[in-house]
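As provided, my_file_7.pdb (PDB, C-alpha atoms) reads as follows.
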```
ATOM      1  CA  MET A 290      71.608  35.919 189.236  1.00  0.00           C
ATOM      2  CA  LYS A 291      71.793  37.849 192.498  1.00  0.00           C
ATOM      3  CA  ASN A 292      75.308  38.551 193.703  1.00  0.00           C
ATOM      4  CA  ILE A 293      75.077  40.246 197.092  1.00  0.00           C
ATOM      5  CA  VAL A 294      77.652  41.895 199.311  1.00  0.00           C
ATOM      6  CA  ILE A 295      76.624  41.477 202.961  1.00  0.00           C
ATOM      7  CA  PHE A 296      78.356  44.182 204.921  1.00  0.00           C
ATOM      8  CA  GLY A 297      78.832  45.163 208.530  1.00  0.00           C
ATOM      9  CA  ALA A 298      81.275  45.289 211.388  1.00  0.00           C
ATOM     10  CA  PRO A 299      82.557  42.053 212.925  1.00  0.00           C
ATOM     11  CA  GLY A 300      79.666  40.578 214.927  1.00  0.00           C
ATOM     12  CA  SER A 301      76.916  42.365 212.984  1.00  0.00           C
ATOM     13  CA  GLY A 302      75.217  39.113 211.957  1.00  0.00           C
ATOM     14  CA  LYS A 303      76.581  38.629 208.443  1.00  0.00           C
ATOM     15  CA  GLY A 304      77.029  34.868 208.873  1.00  0.00           C
ATOM     16  CA  THR A 305      73.627  34.356 210.499  1.00  0.00           C
ATOM     17  CA  GLN A 306      71.801  36.302 207.805  1.00  0.00           C
ATOM     18  CA  SER A 307      73.841  34.649 205.038  1.00  0.00           C
ATOM     19  CA  ASP A 308      72.705  31.221 206.252  1.00  0.00           C
ATOM     20  CA  LYS A 309      69.068  32.357 206.072  1.00  0.00           C
ATOM     21  CA  LEU A 310      69.562  33.805 202.553  1.00  0.00           C
ATOM     22  CA  ILE A 311      71.162  30.566 201.368  1.00  0.00           C
ATOM     23  CA  GLU A 312      68.205  28.578 202.689  1.00  0.00           C
ATOM     24  CA  ARG A 313      65.548  30.840 201.137  1.00  0.00           C
ATOM     25  CA  TYR A 314      67.160  31.723 197.801  1.00  0.00           C
ATOM     26  CA  GLY A 315      69.613  28.885 197.111  1.00  0.00           C
ATOM     27  CA  LEU A 316      72.564  31.255 196.868  1.00  0.00           C
ATOM     28  CA  GLU A 317      76.199  30.253 197.106  1.00  0.00           C
ATOM     29  CA  HIS A 318      78.266  31.786 199.906  1.00  0.00           C
ATOM     30  CA  ILE A 319      81.823  33.014 200.090  1.00  0.00           C
ATOM     31  CA  SER A 320      82.902  33.950 203.596  1.00  0.00           C
ATOM     32  CA  THR A 321      86.445  35.223 203.433  1.00  0.00           C
ATOM     33  CA  GLY A 322      86.802  34.416 207.127  1.00  0.00           C
ATOM     34  CA  ASP A 323      85.789  30.780 206.586  1.00  0.00           C
ATOM     35  CA  VAL A 324      88.026  30.458 203.509  1.00  0.00           C
ATOM     36  CA  LEU A 325      91.003  31.881 205.402  1.00  0.00           C
ATOM     37  CA  ARG A 326      90.357  29.794 208.545  1.00  0.00           C
ATOM     38  CA  ALA A 327      90.293  26.642 206.375  1.00  0.00           C
ATOM     39  CA  GLU A 328      93.624  27.627 204.801  1.00  0.00           C
ATOM     40  CA  ILE A 329      95.097  28.267 208.261  1.00  0.00           C
ATOM     41  CA  LYS A 330      93.752  24.973 209.628  1.00  0.00           C
ATOM     42  CA  ASN A 331      95.213  23.112 206.651  1.00  0.00           C
ATOM     43  CA  GLY A 332      98.585  24.782 207.192  1.00  0.00           C
ATOM     44  CA  THR A 333      98.893  26.079 203.625  1.00  0.00           C
ATOM     45  CA  ASP A 334     101.324  28.833 202.638  1.00  0.00           C
ATOM     46  CA  LEU A 335      98.337  31.142 202.236  1.00  0.00           C
ATOM     47  CA  GLY A 336      97.115  30.137 205.693  1.00  0.00           C
ATOM     48  CA  ARG A 337     100.444  30.936 207.333  1.00  0.00           C
ATOM     49  CA  THR A 338     100.638  34.296 205.533  1.00  0.00           C
ATOM     50  CA  ALA A 339      97.023  35.126 206.428  1.00  0.00           C
ATOM     51  CA  GLN A 340      97.564  34.199 210.088  1.00  0.00           C
ATOM     52  CA  LYS A 341     100.264  36.855 210.430  1.00  0.00           C
ATOM     53  CA  PHE A 342      97.833  39.565 209.251  1.00  0.00           C
ATOM     54  CA  ILE A 343      94.906  38.232 211.319  1.00  0.00           C
ATOM     55  CA  ASP A 344      97.014  38.084 214.491  1.00  0.00           C
ATOM     56  CA  GLN A 345      97.710  41.790 214.049  1.00  0.00           C
ATOM     57  CA  GLY A 346      94.016  42.565 213.412  1.00  0.00           C
ATOM     58  CA  GLN A 347      94.930  43.645 209.870  1.00  0.00           C
ATOM     59  CA  LEU A 348      93.352  42.966 206.479  1.00  0.00           C
ATOM     60  CA  ILE A 349      94.704  40.419 203.992  1.00  0.00           C
ATOM     61  CA  PRO A 350      96.369  42.074 200.929  1.00  0.00           C
ATOM     62  CA  ASP A 351      93.869  42.811 198.142  1.00  0.00           C
ATOM     63  CA  GLU A 352      95.513  40.907 195.302  1.00  0.00           C
ATOM     64  CA  LEU A 353      95.701  37.782 197.461  1.00  0.00           C
ATOM     65  CA  MET A 354      92.011  37.978 198.411  1.00  0.00           C
ATOM     66  CA  ILE A 355      90.778  38.666 194.867  1.00  0.00           C
ATOM     67  CA  SER A 356      92.744  35.700 193.565  1.00  0.00           C
ATOM     68  CA  ILE A 357      91.254  33.445 196.247  1.00  0.00           C
ATOM     69  CA  LEU A 358      87.720  34.734 195.672  1.00  0.00           C
ATOM     70  CA  ALA A 359      87.915  34.403 191.897  1.00  0.00           C
ATOM     71  CA  GLY A 360      88.874  30.746 192.306  1.00  0.00           C
ATOM     72  CA  VAL A 361      86.023  30.048 194.716  1.00  0.00           C
ATOM     73  CA  TYR A 362      83.523  32.003 192.570  1.00  0.00           C
ATOM     74  CA  ASP A 363      84.540  30.107 189.433  1.00  0.00           C
ATOM     75  CA  SER A 364      84.189  26.782 191.273  1.00  0.00           C
ATOM     76  CA  PHE A 365      80.398  27.363 191.454  1.00  0.00           C
ATOM     77  CA  GLY A 366      80.093  27.118 187.654  1.00  0.00           C
ATOM     78  CA  ARG A 367      77.883  29.319 185.487  1.00  0.00           C
ATOM     79  CA  GLU A 368      74.497  27.993 186.599  1.00  0.00           C
ATOM     80  CA  HIS A 369      74.445  29.273 190.180  1.00  0.00           C
ATOM     81  CA  ARG A 370      71.642  31.582 191.384  1.00  0.00           C
ATOM     82  CA  GLY A 371      74.044  34.091 192.874  1.00  0.00           C
ATOM     83  CA  VAL A 372      76.719  34.471 195.520  1.00  0.00           C
ATOM     84  CA  ILE A 373      76.775  36.171 198.892  1.00  0.00           C
ATOM     85  CA  PHE A 374      80.113  37.887 199.471  1.00  0.00           C
ATOM     86  CA  ASP A 375      80.529  37.887 203.253  1.00  0.00           C
ATOM     87  CA  GLY A 376      83.505  39.796 204.653  1.00  0.00           C
ATOM     88  CA  PHE A 377      84.603  41.078 201.255  1.00  0.00           C
ATOM     89  CA  PRO A 378      85.099  43.697 199.995  1.00  0.00           C
ATOM     90  CA  ARG A 379      86.455  45.603 202.971  1.00  0.00           C
ATOM     91  CA  THR A 380      88.088  48.510 201.168  1.00  0.00           C
ATOM     92  CA  ILE A 381      87.237  50.626 198.121  1.00  0.00           C
ATOM     93  CA  PRO A 382      90.095  49.102 196.064  1.00  0.00           C
ATOM     94  CA  GLN A 383      88.691  45.641 196.908  1.00  0.00           C
ATOM     95  CA  ALA A 384      85.195  46.742 195.830  1.00  0.00           C
ATOM     96  CA  GLU A 385      86.613  48.008 192.546  1.00  0.00           C
ATOM     97  CA  ALA A 386      88.561  44.760 192.064  1.00  0.00           C
ATOM     98  CA  LEU A 387      85.436  42.681 192.827  1.00  0.00           C
ATOM     99  CA  LYS A 388      83.417  44.726 190.344  1.00  0.00           C
ATOM    100  CA  GLN A 389      86.087  44.140 187.686  1.00  0.00           C
ATOM    101  CA  MET A 390      86.427  40.413 188.477  1.00  0.00           C
ATOM    102  CA  LEU A 391      82.661  39.932 188.157  1.00  0.00           C
ATOM    103  CA  ALA A 392      82.440  42.095 185.010  1.00  0.00           C
ATOM    104  CA  GLU A 393      85.088  39.888 183.361  1.00  0.00           C
ATOM    105  CA  ARG A 394      82.608  37.029 183.873  1.00  0.00           C
ATOM    106  CA  GLY A 395      79.598  39.029 182.679  1.00  0.00           C
ATOM    107  CA  ASP A 396      78.291  39.323 186.251  1.00  0.00           C
ATOM    108  CA  CYS A 397      77.834  42.104 188.817  1.00  0.00           C
ATOM    109  CA  VAL A 398      76.814  42.845 192.402  1.00  0.00           C
ATOM    110  CA  CYS A 399      73.056  43.572 192.588  1.00  0.00           C
ATOM    111  CA  ALA A 400      72.933  44.819 196.194  1.00  0.00           C
ATOM    112  CA  MET A 401      75.110  45.737 199.144  1.00  0.00           C
ATOM    113  CA  ILE A 402      73.289  44.981 202.387  1.00  0.00           C
ATOM    114  CA  GLU A 403      74.684  46.941 205.343  1.00  0.00           C
ATOM    115  CA  LEU A 404      73.884  45.435 208.759  1.00  0.00           C
ATOM    116  CA  ASP A 405      74.204  48.348 211.187  1.00  0.00           C
ATOM    117  CA  VAL A 406      74.772  47.412 214.864  1.00  0.00           C
ATOM    118  CA  PRO A 407      75.973  49.696 217.713  1.00  0.00           C
ATOM    119  CA  GLU A 408      79.554  49.077 218.841  1.00  0.00           C
ATOM    120  CA  ASP A 409      78.701  48.092 222.433  1.00  0.00           C
ATOM    121  CA  GLU A 410      76.419  45.342 221.078  1.00  0.00           C
ATOM    122  CA  LEU A 411      79.127  44.186 218.643  1.00  0.00           C
ATOM    123  CA  MET A 412      81.574  43.786 221.532  1.00  0.00           C
ATOM    124  CA  LYS A 413      79.049  41.721 223.544  1.00  0.00           C
ATOM    125  CA  ARG A 414      78.258  39.486 220.562  1.00  0.00           C
ATOM    126  CA  LEU A 415      81.894  38.871 219.672  1.00  0.00           C
ATOM    127  CA  LEU A 416      82.992  38.095 223.227  1.00  0.00           C
ATOM    128  CA  LEU A 417      80.090  35.640 223.543  1.00  0.00           C
ATOM    129  CA  ARG A 418      80.953  34.076 220.173  1.00  0.00           C
ATOM    130  CA  GLY A 419      84.559  33.681 221.313  1.00  0.00           C
ATOM    131  CA  GLN A 420      83.451  31.918 224.502  1.00  0.00           C
ATOM    132  CA  GLN A 421      81.082  29.605 222.599  1.00  0.00           C
ATOM    133  CA  SER A 422      83.239  28.818 219.558  1.00  0.00           C
ATOM    134  CA  GLY A 423      86.744  29.068 220.967  1.00  0.00           C
ATOM    135  CA  ARG A 424      87.743  31.435 218.125  1.00  0.00           C
ATOM    136  CA  ALA A 425      91.053  32.906 219.258  1.00  0.00           C
ATOM    137  CA  ASP A 426      90.437  36.188 217.386  1.00  0.00           C
ATOM    138  CA  ASP A 427      87.286  36.905 219.426  1.00  0.00           C
ATOM    139  CA  ASN A 428      89.045  38.433 222.434  1.00  0.00           C
ATOM    140  CA  GLU A 429      88.663  42.018 223.642  1.00  0.00           C
ATOM    141  CA  GLU A 430      92.047  43.297 222.442  1.00  0.00           C
ATOM    142  CA  THR A 431      91.743  41.836 218.935  1.00  0.00           C
ATOM    143  CA  ILE A 432      88.079  42.872 218.658  1.00  0.00           C
ATOM    144  CA  LYS A 433      89.020  46.491 219.428  1.00  0.00           C
ATOM    145  CA  LYS A 434      91.714  46.374 216.720  1.00  0.00           C
ATOM    146  CA  ARG A 435      89.260  44.873 214.231  1.00  0.00           C
ATOM    147  CA  LEU A 436      86.696  47.595 214.958  1.00  0.00           C
ATOM    148  CA  VAL A 437      89.318  50.332 214.461  1.00  0.00           C
ATOM    149  CA  VAL A 438      90.251  48.769 211.100  1.00  0.00           C
ATOM    150  CA  TYR A 439      86.554  48.513 210.208  1.00  0.00           C
ATOM    151  CA  HIS A 440      85.859  52.178 210.960  1.00  0.00           C
ATOM    152  CA  SER A 441      88.976  53.512 209.248  1.00  0.00           C
ATOM    153  CA  GLN A 442      89.265  51.257 206.189  1.00  0.00           C
ATOM    154  CA  THR A 443      85.952  49.510 205.668  1.00  0.00           C
ATOM    155  CA  GLN A 444      83.232  52.001 206.527  1.00  0.00           C
ATOM    156  CA  PRO A 445      84.087  54.268 203.523  1.00  0.00           C
ATOM    157  CA  LEU A 446      82.617  51.491 201.367  1.00  0.00           C
ATOM    158  CA  ILE A 447      79.160  52.623 202.401  1.00  0.00           C
ATOM    159  CA  GLU A 448      79.584  55.847 200.420  1.00  0.00           C
ATOM    160  CA  TRP A 449      81.149  53.976 197.482  1.00  0.00           C
ATOM    161  CA  TYR A 450      78.178  51.604 197.244  1.00  0.00           C
ATOM    162  CA  LYS A 451      75.753  54.524 197.639  1.00  0.00           C
ATOM    163  CA  GLN A 452      77.384  56.116 194.593  1.00  0.00           C
ATOM    164  CA  GLU A 453      77.018  52.796 192.754  1.00  0.00           C
ATOM    165  CA  GLY A 454      73.305  52.832 193.654  1.00  0.00           C
ATOM    166  CA  LEU A 455      73.585  49.462 195.438  1.00  0.00           C
ATOM    167  CA  HIS A 456      73.638  50.381 199.161  1.00  0.00           C
ATOM    168  CA  HIS A 457      70.788  49.218 201.421  1.00  0.00           C
ATOM    169  CA  HIS A 458      70.874  50.049 205.150  1.00  0.00           C
ATOM    170  CA  ILE A 459      69.395  47.432 207.508  1.00  0.00           C
ATOM    171  CA  ASP A 460      68.996  47.909 211.269  1.00  0.00           C
ATOM    172  CA  GLY A 461      70.970  44.902 212.553  1.00  0.00           C
ATOM    173  CA  LEU A 462      69.827  45.202 216.150  1.00  0.00           C
ATOM    174  CA  GLY A 463      66.902  43.129 217.364  1.00  0.00           C
ATOM    175  CA  ASP A 464      65.073  40.007 216.248  1.00  0.00           C
ATOM    176  CA  VAL A 465      66.987  37.863 213.723  1.00  0.00           C
ATOM    177  CA  ASP A 466      63.834  37.064 211.731  1.00  0.00           C
ATOM    178  CA  ARG A 467      62.771  40.739 211.517  1.00  0.00           C
ATOM    179  CA  ILE A 468      66.253  41.625 210.247  1.00  0.00           C
ATOM    180  CA  PHE A 469      66.015  38.826 207.679  1.00  0.00           C
ATOM    181  CA  GLU A 470      62.616  39.994 206.426  1.00  0.00           C
ATOM    182  CA  ASP A 471      64.024  43.523 206.026  1.00  0.00           C
ATOM    183  CA  ILE A 472      66.808  42.048 203.854  1.00  0.00           C
ATOM    184  CA  CYS A 473      64.291  40.030 201.814  1.00  0.00           C
ATOM    185  CA  LYS A 474      62.309  43.205 201.076  1.00  0.00           C
ATOM    186  CA  VAL A 475      65.453  44.644 199.505  1.00  0.00           C
ATOM    187  CA  LEU A 476      66.039  41.573 197.377  1.00  0.00           C
TER     188      LEU A 476
END
```
Whole structure, structure tokens version:
Amino acid sequence: MKNIVIFGAPGSGKGTQSDKLIERYGLEHISTGDVLRAEIKNGTDLGRTAQKFIDQGQLIPDELMISILAGVYDSFGREHRGVIFDGFPRTIPQAEALKQMLAERGDCVCAMIELDVPEDELMKRLLLRGQQSGRADDNEETIKKRLVVYHSQTQPLIEWYKQEGLHHHIDGLGDVDRIFEDICKVL
């Protein structure tokens, strides 16, 4: 079983590369963004709570996210080939909680794939995505807030995963297929 954390700033290509990994390796996928957007769309209590944090460009509280992820992870059953965690963890306490949640199930993360993309490119990608998809959170003001949160709260995870021996740096700028092949070499 290959449980993978795909990591990078908003707009770094996590979703694109996750889709390619799912196709090649038959992995399951948990995108916290997709899970939260579904909850918001369905008007659940969780969705309304999450929307307040998202509107401020802030992260969802850890205990809430771990509970959600554990439920989704367990829904795959025991026979899955592995799961891509996309958009989670975003903080060291979340990484520790994910490690514990997986360990309780006899599982672990086998690799953290960091997609590294320069900030000016991230801004271009996210603004384009917002125009194409209509995602309200892909506007310049919110993107800037999300990048500040990423640099201050999320980027320290790189060092944490290095200490765990699981960190793999991938140049996320350039051809999508070249980036994917670089990820496959790691796996």
When the PyMOL selection byres ((chain A and resi 349) around 10) is applied to the file above, which residues end up in the set, as an MDAnalysis selection string?
chainID A and resid 321 325 338:343 346:348 350:354 379
Which residue is closest to A:Tyr362? Choose from A:Glu393, A:Glu317, A:Asp405, A:Asp323 and count all atoms listed in the file.
A:Glu317
So how many Å separate atom CA of A:Phe296 and atom CA of A:Asp460, to one decimal?
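According to the coordinates, atom CA of A:Phe296 and atom CA of A:Asp460 are separated by 11.9 Å.
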Between atom CA of A:Pro378 and atom CA of A:Thr431, what is the spacing in Å?
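Result for atom CA of A:Thr431 versus atom CA of A:Pro378: 20.2 Å, one decimal.
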Atom CA of A:Arg337 and atom CA of A:Gly302, how far apart in Å?
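Rounded to one decimal, the two atoms are 26.9 Å apart.
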At a cut-off of 8 Å, using only C-alpha atoms, what residues contact A:Val406? Leave out same-chain residues fewer than 5 positions from it and give the result as an MDAnalysis selection string.
chainID A and resid 297:298 301 411 460:462
Using only C-alpha atoms, what residues lie at most 12 Å away from (72.8, 27.3, 201.4) (file coordinates), given as a list of chain:residue names?
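All residues meeting the 12 Å criterion around (72.8, 27.3, 201.4) are A:Gly304, A:Thr305, A:Gln306, A:Ser307, A:Asp308, A:Lys309, A:Leu310, A:Ile311, A:Glu312, A:Arg313, A:Tyr314, A:Gly315, A:Leu316, A:Glu317, A:His318, A:Ile319, A:His369, A:Arg370, A:Gly371, A:Val372, A:Ile373.
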May I have the residues at most 10 Å from (67.5, 47.0, 207.1) in the file's coordinates, counting all atoms listed in the file, as a PyMOL selection string?
chain A and resi 402-405+457-462+467-475
May I have the selected residues written with C-alpha atoms, as a tab-separated table (two decimals), in the frame of the given file?
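Final output, saved to again-v1.tsv:
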```
chain	number	residue	atom	x	y	z
A	402	ILE	CA	73.29	44.98	202.39
A	403	GLU	CA	74.68	46.94	205.34
A	404	LEU	CA	73.88	45.44	208.76
A	405	ASP	CA	74.20	48.35	211.19
A	457	HIS	CA	70.79	49.22	201.42
A	458	HIS	CA	70.87	50.05	205.15
A	459	ILE	CA	69.40	47.43	207.51
A	460	ASP	CA	69.00	47.91	211.27
A	461	GLY	CA	70.97	44.90	212.55
A	462	LEU	CA	69.83	45.20	216.15
A	467	ARG	CA	62.77	40.74	211.52
A	468	ILE	CA	66.25	41.62	210.25
A	469	PHE	CA	66.02	38.83	207.68
A	470	GLU	CA	62.62	39.99	206.43
A	471	ASP	CA	64.02	43.52	206.03
A	472	ILE	CA	66.81	42.05	203.85
A	473	CYS	CA	64.29	40.03	201.81
A	474	LYS	CA	62.31	43.20	201.08
A	475	VAL	CA	65.45	44.64	199.50
```
Taking into account all atoms listed in the file, which residue in the set A:Arg435, A:Lys413, A:Lys330, A:Arg367 is nearest to A:Leu391?
A:Arg367
Identify all residues satisfying the PyMOL selection byres ((chain A and resi 397) around 12) in the given file; provide them as a PyMOL selection string.
chain A and resi 290-294+371-374+384-396+398-401+453+455
Any chance you could resolve the PyMOL selection byres ((chain A and resi 433) around 12) against this file and give the residues as a PyMOL selection string?
chain A and resi 298-300+345-347+408-409+411-413+415-416+426-432+434-440
Those same residues - C-alpha atoms - I'd like them written as a CSV table (one decimal), in the frame of the given file.
```
chain,number,residue,atom,x,y,z
A,298,ALA,CA,81.3,45.3,211.4
A,299,PRO,CA,82.6,42.1,212.9
A,300,GLY,CA,79.7,40.6,214.9
A,345,GLN,CA,97.7,41.8,214.0
A,346,GLY,CA,94.0,42.6,213.4
A,347,GLN,CA,94.9,43.6,209.9
A,408,GLU,CA,79.6,49.1,218.8
A,409,ASP,CA,78.7,48.1,222.4
A,411,LEU,CA,79.1,44.2,218.6
A,412,MET,CA,81.6,43.8,221.5
A,413,LYS,CA,79.0,41.7,223.5
A,415,LEU,CA,81.9,38.9,219.7
A,416,LEU,CA,83.0,38.1,223.2
A,426,ASP,CA,90.4,36.2,217.4
A,427,ASP,CA,87.3,36.9,219.4
A,428,ASN,CA,89.0,38.4,222.4
A,429,GLU,CA,88.7,42.0,223.6
A,430,GLU,CA,92.0,43.3,222.4
A,431,THR,CA,91.7,41.8,218.9
A,432,ILE,CA,88.1,42.9,218.7
A,434,LYS,CA,91.7,46.4,216.7
A,435,ARG,CA,89.3,44.9,214.2
A,436,LEU,CA,86.7,47.6,215.0
A,437,VAL,CA,89.3,50.3,214.5
A,438,VAL,CA,90.3,48.8,211.1
A,439,TYR,CA,86.6,48.5,210.2
A,440,HIS,CA,85.9,52.2,211.0
```
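Taking all atoms listed in the file, the non-local environment of A:Val324 within 9 Å (same-chain residues fewer than 4 positions away omitted) comprises Ile319, Ser320, Glu328, Ile329, Ile357 and Leu358 of chain A.
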Output, as AutoDock Vina command-line options, the centre and edge lengths in Å (one decimal) of the axis-aligned box that contains all listed atoms of stretch 312-315 of chain A with 8 Å of margin on each side.
```
--center_x 67.6 --center_y 30.2 --center_z 199.9 --size_x 20.1 --size_y 19.1 --size_z 21.6
```
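Distances here use only C-alpha atoms; by that measure, the residue among A:Ile381, A:Pro445, A:Asp363, A:His456 closest to A:Leu476 is A:His456.
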Measuring between only C-alpha atoms, which one of A:Val465, A:Gln383, A:Gln421, A:Leu335 shows the shortest distance to A:Trp449?
A:Gln383
